[in-house]
file input-v1.tsv (TSV, C-alpha atoms and all ligand atoms)
chain	number	residue	atom	x	y	z
A	1	PRO	CA	31.70	-11.68	-82.94
A	2	ARG	CA	32.09	-10.54	-79.36
A	3	PRO	CA	30.21	-12.56	-76.74
A	4	THR	CA	27.77	-10.49	-74.71
A	5	ARG	CA	28.16	-10.70	-70.96
A	6	VAL	CA	25.16	-9.87	-68.77
A	7	MET	CA	25.92	-8.61	-65.29
A	8	PRO	CA	22.86	-8.02	-63.08
A	9	SER	CA	23.18	-5.13	-60.65
A	10	LEU	CA	22.47	-6.15	-57.08
A	11	LEU	CA	21.32	-2.56	-56.45
A	12	SER	CA	17.87	-3.74	-57.56
A	13	ALA	CA	17.99	-6.90	-55.43
A	14	ASP	CA	16.44	-7.17	-51.98
A	15	PHE	CA	19.24	-6.10	-49.62
A	16	ALA	CA	17.65	-8.14	-46.83
A	17	ASN	CA	17.78	-11.23	-49.05
A	18	LEU	CA	20.93	-10.84	-51.12
A	19	GLN	CA	21.88	-14.52	-51.10
A	20	ARG	CA	18.37	-15.55	-52.17
A	21	ASP	CA	18.37	-13.03	-55.01
A	22	ILE	CA	21.87	-14.06	-56.14
A	23	GLU	CA	20.62	-17.64	-56.32
A	24	ARG	CA	17.78	-16.49	-58.58
A	25	ILE	CA	20.25	-15.55	-61.34
A	26	PRO	CA	22.55	-18.59	-61.75
A	27	SER	CA	23.32	-17.79	-65.39
A	28	ALA	CA	24.65	-14.28	-64.68
A	29	ASP	CA	28.13	-13.76	-66.14
A	30	ALA	CA	29.00	-11.60	-63.15
A	31	LEU	CA	27.31	-9.90	-60.24
A	32	HIS	CA	27.57	-6.11	-60.52
A	33	VAL	CA	27.94	-4.57	-57.07
A	34	ASP	CA	27.41	-0.80	-56.75
A	35	VAL	CA	29.35	0.81	-53.92
A	36	MET	CA	28.19	4.38	-53.22
A	37	ASP	CA	29.53	6.68	-50.53
A	38	ASN	CA	27.01	9.56	-50.48
A	39	HIS	CA	29.79	11.91	-51.65
A	40	PHE	CA	30.67	10.95	-55.22
A	41	VAL	CA	26.97	10.26	-55.75
A	42	PRO	CA	23.96	11.28	-53.64
A	43	ASN	CA	23.22	7.77	-52.42
A	44	LEU	CA	24.69	5.29	-49.95
A	45	THR	CA	24.67	1.54	-50.52
A	46	LEU	CA	27.16	-0.93	-49.12
A	47	GLY	CA	30.84	-1.38	-48.49
A	48	LEU	CA	33.57	-3.89	-47.83
A	49	PRO	CA	31.86	-6.01	-45.13
A	50	VAL	CA	28.87	-6.67	-47.38
A	51	VAL	CA	31.12	-7.44	-50.36
A	52	GLU	CA	32.99	-9.94	-48.19
A	53	ALA	CA	29.67	-11.50	-47.19
A	54	ILE	CA	28.58	-11.77	-50.83
A	55	ARG	CA	31.95	-13.30	-51.75
A	56	ALA	CA	31.39	-16.00	-49.15
A	57	VAL	CA	28.11	-17.19	-50.66
A	58	THR	CA	28.81	-17.22	-54.41
A	59	PRO	CA	31.51	-18.38	-56.84
A	60	THR	CA	30.15	-16.05	-59.54
A	61	MET	CA	32.46	-13.30	-60.75
A	62	LEU	CA	32.08	-10.12	-58.69
A	63	ASP	CA	32.14	-6.91	-60.74
A	64	LEU	CA	32.59	-4.01	-58.34
A	65	HIS	CA	31.54	-0.52	-59.40
A	66	LEU	CA	32.95	1.99	-56.96
A	67	MET	CA	31.04	5.28	-57.02
A	68	ILE	CA	33.15	6.76	-54.26
A	69	GLU	CA	35.57	9.57	-53.64
A	70	ASP	CA	39.22	8.69	-53.11
A	71	PRO	CA	39.20	5.28	-54.83
A	72	ASP	CA	43.01	5.44	-54.66
A	73	ARG	CA	42.63	4.77	-50.95
A	74	TRP	CA	39.71	2.33	-50.89
A	75	ALA	CA	39.68	0.28	-54.11
A	76	PRO	CA	42.57	-2.14	-53.47
A	77	ALA	CA	40.76	-3.61	-50.47
A	78	TYR	CA	37.94	-4.77	-52.76
A	79	ALA	CA	40.46	-6.68	-54.87
A	80	GLU	CA	41.86	-8.21	-51.70
A	81	ALA	CA	38.33	-9.23	-50.71
A	82	GLY	CA	38.26	-11.42	-53.81
A	83	ALA	CA	36.44	-9.31	-56.39
A	84	GLU	CA	37.54	-10.41	-59.87
A	85	SER	CA	36.90	-6.92	-61.29
A	86	VAL	CA	37.16	-3.54	-59.60
A	87	THR	CA	36.05	-0.42	-61.46
A	88	PHE	CA	36.71	3.11	-60.21
A	89	HIS	CA	35.64	6.45	-61.65
A	90	ALA	CA	38.06	8.53	-63.70
A	91	GLU	CA	36.51	11.67	-62.20
A	92	ALA	CA	37.43	10.54	-58.69
A	93	ALA	CA	40.84	8.91	-59.06
A	94	ALA	CA	43.92	11.01	-58.33
A	95	ALA	CA	46.35	8.52	-59.91
A	96	PRO	CA	44.43	6.14	-62.17
A	97	VAL	CA	47.51	4.46	-63.64
A	98	ARG	CA	48.95	3.67	-60.24
A	99	LEU	CA	45.57	2.50	-58.97
A	100	SER	CA	44.97	0.19	-61.95
A	101	ARG	CA	48.37	-1.37	-61.41
A	102	GLU	CA	47.61	-1.89	-57.74
A	103	LEU	CA	44.36	-3.65	-58.62
A	104	ARG	CA	46.02	-5.89	-61.22
A	105	ALA	CA	48.83	-6.68	-58.78
A	106	ARG	CA	46.14	-8.02	-56.45
A	107	GLY	CA	44.79	-10.28	-59.18
A	108	ALA	CA	41.75	-8.25	-60.18
A	109	ARG	CA	40.73	-6.86	-63.53
A	110	ALA	CA	40.93	-3.07	-63.44
A	111	GLY	CA	38.02	-1.02	-64.76
A	112	LEU	CA	37.79	2.69	-65.55
A	113	ALA	CA	34.33	4.29	-65.37
A	114	LEU	CA	33.15	7.51	-66.98
A	115	ARG	CA	30.04	9.54	-66.16
A	116	PRO	CA	27.82	10.45	-69.13
A	117	ALA	CA	29.43	13.89	-69.64
A	118	THR	CA	33.03	12.70	-69.30
A	119	PRO	CA	34.69	12.28	-72.71
A	120	VAL	CA	36.57	9.06	-73.46
A	121	GLU	CA	39.29	10.51	-75.69
A	122	PRO	CA	41.49	11.85	-72.84
A	123	TYR	CA	41.76	8.26	-71.56
A	124	ALA	CA	42.82	6.65	-74.83
A	125	ASP	CA	46.43	6.37	-73.69
A	126	LEU	CA	45.35	4.52	-70.53
A	127	LEU	CA	43.88	1.54	-72.37
A	128	ASP	CA	47.06	-0.51	-71.77
A	129	GLU	CA	46.40	-0.13	-68.08
A	130	VAL	CA	42.78	-1.31	-67.88
A	131	ASP	CA	40.75	-4.43	-68.59
A	132	MET	CA	37.36	-2.74	-68.91
A	133	LEU	CA	35.85	0.63	-69.70
A	134	LEU	CA	32.50	1.33	-68.00
A	135	LEU	CA	30.40	3.97	-69.71
A	136	MET	CA	27.55	5.24	-67.56
A	137	THR	CA	24.36	5.55	-69.58
A	138	VAL	CA	22.54	7.35	-66.75
A	139	GLU	CA	23.88	9.75	-64.14
A	140	PRO	CA	25.25	7.40	-61.46
A	141	GLY	CA	23.48	7.08	-58.14
A	142	PHE	CA	20.22	5.24	-58.63
A	143	GLY	CA	18.69	2.27	-60.41
A	144	GLY	CA	15.63	2.48	-62.59
A	145	GLN	CA	16.56	5.61	-64.54
A	146	LYS	CA	15.92	6.13	-68.24
A	147	PHE	CA	18.71	5.23	-70.68
A	148	LEU	CA	20.46	8.32	-72.08
A	149	ASP	CA	20.66	8.02	-75.85
A	150	LEU	CA	23.15	10.88	-75.88
A	151	CYS	CA	25.72	8.32	-74.67
A	152	LEU	CA	25.54	6.22	-77.84
A	153	PRO	CA	28.12	8.20	-79.85
A	154	LYS	CA	30.61	7.83	-77.00
A	155	ILE	CA	30.04	4.06	-76.93
A	156	ARG	CA	30.92	4.01	-80.65
A	157	ARG	CA	34.02	6.14	-80.13
A	158	ALA	CA	35.13	3.97	-77.21
A	159	ARG	CA	34.70	0.82	-79.32
A	160	ALA	CA	36.83	2.40	-82.06
A	161	LEU	CA	39.56	3.31	-79.56
A	162	ILE	CA	39.53	-0.23	-78.15
A	163	GLY	CA	39.70	-1.65	-81.68
A	164	ALA	CA	42.67	0.58	-82.52
A	165	HIS	CA	44.37	-0.42	-79.29
A	166	GLY	CA	43.92	-4.08	-80.10
A	167	GLY	CA	43.67	-5.39	-76.53
A	168	ASP	CA	40.90	-7.53	-75.08
A	169	ILE	CA	39.20	-4.73	-73.19
A	170	TRP	CA	35.56	-5.14	-72.21
A	171	LEU	CA	33.22	-2.23	-72.93
A	172	GLN	CA	30.52	-2.11	-70.29
A	173	VAL	CA	27.37	-0.01	-70.28
A	174	ASP	CA	25.51	0.70	-67.04
A	175	GLY	CA	22.17	2.41	-66.62
A	176	GLY	CA	18.78	1.91	-68.23
A	177	VAL	CA	19.78	-1.28	-70.04
A	178	SER	CA	16.63	-3.27	-70.85
A	179	LEU	CA	14.98	-5.29	-73.60
A	180	GLU	CA	14.20	-1.94	-75.21
A	181	THR	CA	17.74	-0.50	-75.19
A	182	VAL	CA	20.06	-3.52	-75.33
A	183	GLU	CA	20.31	-3.68	-79.10
A	184	ARG	CA	21.30	0.01	-79.33
A	185	CYS	CA	24.07	-0.59	-76.80
A	186	VAL	CA	25.46	-3.67	-78.50
A	187	GLU	CA	25.18	-2.19	-81.98
A	188	ALA	CA	27.25	0.76	-80.72
A	189	GLY	CA	29.92	-1.63	-79.43
A	190	ALA	CA	29.13	-2.64	-75.85
A	191	ASP	CA	29.90	-6.23	-74.87
A	192	ALA	CA	29.22	-6.14	-71.12
A	193	LEU	CA	25.72	-5.18	-70.03
A	194	VAL	CA	24.78	-4.15	-66.50
A	195	ALA	CA	21.07	-4.43	-65.84
A	196	GLY	CA	19.45	-3.88	-62.47
A	197	SER	CA	15.76	-3.05	-62.62
A	198	ALA	CA	15.29	-4.94	-65.90
A	199	VAL	CA	16.54	-8.19	-64.33
A	200	PHE	CA	15.17	-7.99	-60.80
A	201	GLY	CA	11.92	-6.41	-61.94
A	202	ALA	CA	11.25	-9.39	-64.20
A	203	ASP	CA	9.00	-12.27	-63.13
A	204	ASP	CA	11.86	-14.64	-64.01
A	205	PRO	CA	15.18	-12.81	-63.49
A	206	ASP	CA	17.33	-15.64	-64.87
A	207	ALA	CA	15.22	-15.81	-68.04
A	208	MET	CA	15.70	-12.05	-68.42
A	209	VAL	CA	19.48	-12.52	-68.21
A	210	ALA	CA	19.22	-15.07	-71.04
A	211	ARG	CA	16.96	-12.83	-73.13
A	212	LEU	CA	19.29	-9.85	-72.82
A	213	ARG	CA	22.29	-12.01	-73.72
A	214	ALA	CA	20.47	-13.50	-76.72
A	215	LEU	CA	19.54	-10.04	-78.02
A	216	GLY	CA	23.16	-8.97	-77.58
A	217	ASP	CA	24.49	-12.00	-79.42
A	218	ALA	CA	21.91	-11.83	-82.22
B	1	LIG	C1	23.58	3.33	-61.01
B	1	LIG	C2	24.33	2.02	-60.92
B	1	LIG	C3	23.76	0.97	-61.78
B	1	LIG	C4	22.31	0.66	-61.50
B	1	LIG	C5	21.68	0.33	-62.81
B	1	LIG	O1	24.35	4.38	-60.59
B	1	LIG	O2	25.69	2.18	-61.29
B	1	LIG	O3	24.56	-0.20	-61.76
B	1	LIG	O4	22.11	-0.39	-60.62
B	1	LIG	O5	20.31	0.16	-62.61
B	1	LIG	P1	19.29	0.05	-63.85
B	1	LIG	O6	19.73	-1.12	-64.69
B	1	LIG	O7	17.98	-0.13	-63.18
B	1	LIG	O8	19.42	1.35	-64.61
B	2	ZN	ZN	26.82	0.29	-61.56

call {"tool": "encode", "arguments": {"input": "input-v1.tsv", "output": "C-alpha cells"}}
result
Amino acid sequence: PRPTRVMPSLLSADFANLQRDIERIPSADALHVDVMDNHFVPNLTLGLPVVEAIRAVTPTMLDLHLMIEDPDRWAPAYAEAGAESVTFHAEAAAAPVRLSRELRARGARAGLALRPATPVEPYADLLDEVDMLLLMTVEPGFGGQKFLDLCLPKIRRARALIGAHGGDIWLQVDGGVSLETVERCVEAGADALVAGSAVFGADDPDAMVARLRALGDA
C-alpha cells in the first residue's frame, strides 16, 4: 500500500502570520506553496523572497507549485532557495524535459502539473524525467473551490501510467480535497494530497492533517 502524504496549502494560511500558521501543522508531510503571477492564473500570491523567508523558519519539506508563465526562466531559483520539490505547469513550460533536469541538478524533486482539461497521455513518455505528477482538481487560481469529479478518470489513468512506468512517482491532487473528497482521490490512485481550506479552516489544523492521512491510508 502507498503511504498517503498530506501537504497543506499555505494559500489558506494567514499571510501576515505565516510562521505561526506553519507551526500549527507540525505533522504536515510538506508545505504546499502556491506561486501565482497574475498571468498564468488570475491571481497574485508570493514569490522568491517569501519562499526564502519560509525556508528560514521551517525544516519541513517545501512543495512549490508554480502557477506562472515562463517557468523555464523562474523555476530553478526556487530549487536554489532550498525547496525540496518544484512543480511547474505543462501548459506553461517551453522545454519541460530540460527544466526538469535543471531542477533535479539543483537537488530538487521535479513535478509536472496539469490543469483539469489537460490530458495526461501526451506526457507518458516524460515520466522518467519527473518525480511527481500534480493533477489539478479545480481550475488553478484560488483556494476554496469545489472538487471537480470530472478529474477522477484522469487520476485513474495517471495511476495506471505510473504503474506501467514502474518508477516511484508521486501522484498529487490539488483543489477541493477535504474529508468529503479524499477517499475518491485515493481510491483513484492519488498518494499526495494538497488541502488548503480544509486544513486551515478546521478548528484544529494538525488534527485535520491526521484525519485526511488516516482516511487516505484506510
Ligand atoms: C489553487 C491552488 C491550491 C489551493 C487549494 O490554484 O493550487 O493549492 O490552495 O485550495 P483548496 O484545498 O482550498 O481547494
Ligand atoms: Zn497548489

call {"tool": "closest_residue", "arguments": {"input": "input-v1.tsv", "among": "A:Val51, A:Ala195, A:Ala207, A:Ala92", "to": "ligand ZN 2 (chain B)", "atoms": "only C-alpha atoms and all ligand atoms"}}
result
A:Ala195

call {"tool": "axis_aligned_box", "arguments": {"input": "input-v1.tsv", "around": "ligand LIG 1 (chain B)", "padding_each_side": "6 Å", "output": "AutoDock Vina command-line options"}}
result
--center_x 21.8 --center_y 1.6 --center_z -62.6 --size_x 19.7 --size_y 17.5 --size_z 16.1

call {"tool": "residues_near_ligand", "arguments": {"input": "input-v1.tsv", "ligand": "ligand LIG 1 (chain B)", "cutoff": "8 Å", "atoms": "only C-alpha atoms and all ligand atoms", "output": "PyMOL selection string"}}
result
chain A and resi 8-12+32-34+65+67+136+138-147+174-178+194-199

call {"tool": "closest_residue", "arguments": {"input": "input-v1.tsv", "among": "A:Ala94, A:Val173, A:Leu133, A:Leu46", "to": "ligand ZN 2 (chain B)", "atoms": "all atoms listed in the file"}}
result
A:Val173

call {"tool": "atom_distance", "arguments": {"input": "input-v1.tsv", "atom1": "CA of Leu112 (chain A)", "atom2": "CA of Ala95 (chain A)"}}
result
11.8 Å

call {"tool": "closest_residue", "arguments": {"input": "input-v1.tsv", "among": "A:Leu99, A:Gln172, A:Asp149, A:Pro59", "to": "ligand ZN 2 (chain B)", "atoms": "all atoms listed in the file"}}
result
A:Gln172

call {"tool": "atom_distance", "arguments": {"input": "input-v1.tsv", "atom1": "CA of Arg55 (chain A)", "atom2": "CA of Val209 (chain A)"}}
result
20.7 Å

call {"tool": "atom_distance", "arguments": {"input": "input-v1.tsv", "atom1": "CA of Pro205 (chain A)", "atom2": "CA of Ala13 (chain A)"}}
result
10.4 Å

call {"tool": "closest_residue", "arguments": {"input": "input-v1.tsv", "among": "A:Glu121, A:Asp63, A:Glu187, A:Asp168", "to": "ligand ZN 2 (chain B)", "atoms": "all atoms listed in the file"}}
result
A:Asp63

call {"tool": "closest_residue", "arguments": {"input": "input-v1.tsv", "among": "A:Thr118, A:Thr58, A:Ser100, A:Thr45", "to": "ligand ZN 2 (chain B)", "atoms": "all atoms listed in the file"}}
result
A:Thr45

call {"tool": "closest_residue", "arguments": {"input": "input-v1.tsv", "among": "A:Arg156, A:Arg2, A:Val97, A:Pro119", "to": "Ile169 (chain A)", "atoms": "all atoms listed in the file"}}
result
A:Arg2

call {"tool": "closest_atom_pairs", "arguments": {"input": "input-v1.tsv", "of": "region 18-54 of chain A", "to": "region 200-203 of chain A", "cutoff": "12 Å", "atoms": "all atoms listed in the file", "output": "Markdown table"}}
result
| residue | atom | partner | partner_atom | distance |
| --- | --- | --- | --- | --- |
| A:Leu18 | CA | A:Phe200 | CA | 11.6 |
| A:Arg20 | CA | A:Phe200 | CA | 11.9 |
| A:Asp21 | CA | A:Phe200 | CA | 8.3 |
| A:Ile22 | CA | A:Phe200 | CA | 10.2 |
| A:Glu23 | CA | A:Phe200 | CA | 12.0 |
| A:Arg24 | CA | A:Phe200 | CA | 9.2 |
| A:Ile25 | CA | A:Phe200 | CA | 9.1 |

call {"tool": "write_last_selection", "arguments": {"input": "input-v1.tsv", "atoms": "C-alpha atoms", "output": "PDB file, keeping the file's coordinate frame"}}
result
ATOM      1  CA  LEU A  18      20.930 -10.840 -51.120  1.00  0.00           C
ATOM      2  CA  ARG A  20      18.370 -15.550 -52.170  1.00  0.00           C
ATOM      3  CA  ASP A  21      18.370 -13.030 -55.010  1.00  0.00           C
ATOM      4  CA  ILE A  22      21.870 -14.060 -56.140  1.00  0.00           C
ATOM      5  CA  GLU A  23      20.620 -17.640 -56.320  1.00  0.00           C
ATOM      6  CA  ARG A  24      17.780 -16.490 -58.580  1.00  0.00           C
ATOM      7  CA  ILE A  25      20.250 -15.550 -61.340  1.00  0.00           C
TER       8      ILE A  25
END

call {"tool": "residues_near_point", "arguments": {"input": "input-v1.tsv", "point": "(25.4, 4.4, -80.1)", "cutoff": "7 Å", "atoms": "all atoms listed in the file", "output": "list in words"}}
result
Cys151, Leu152, Pro153, Lys154, Ile155, Arg156, Arg184, Cys185, Glu187 and Ala188 of chain A
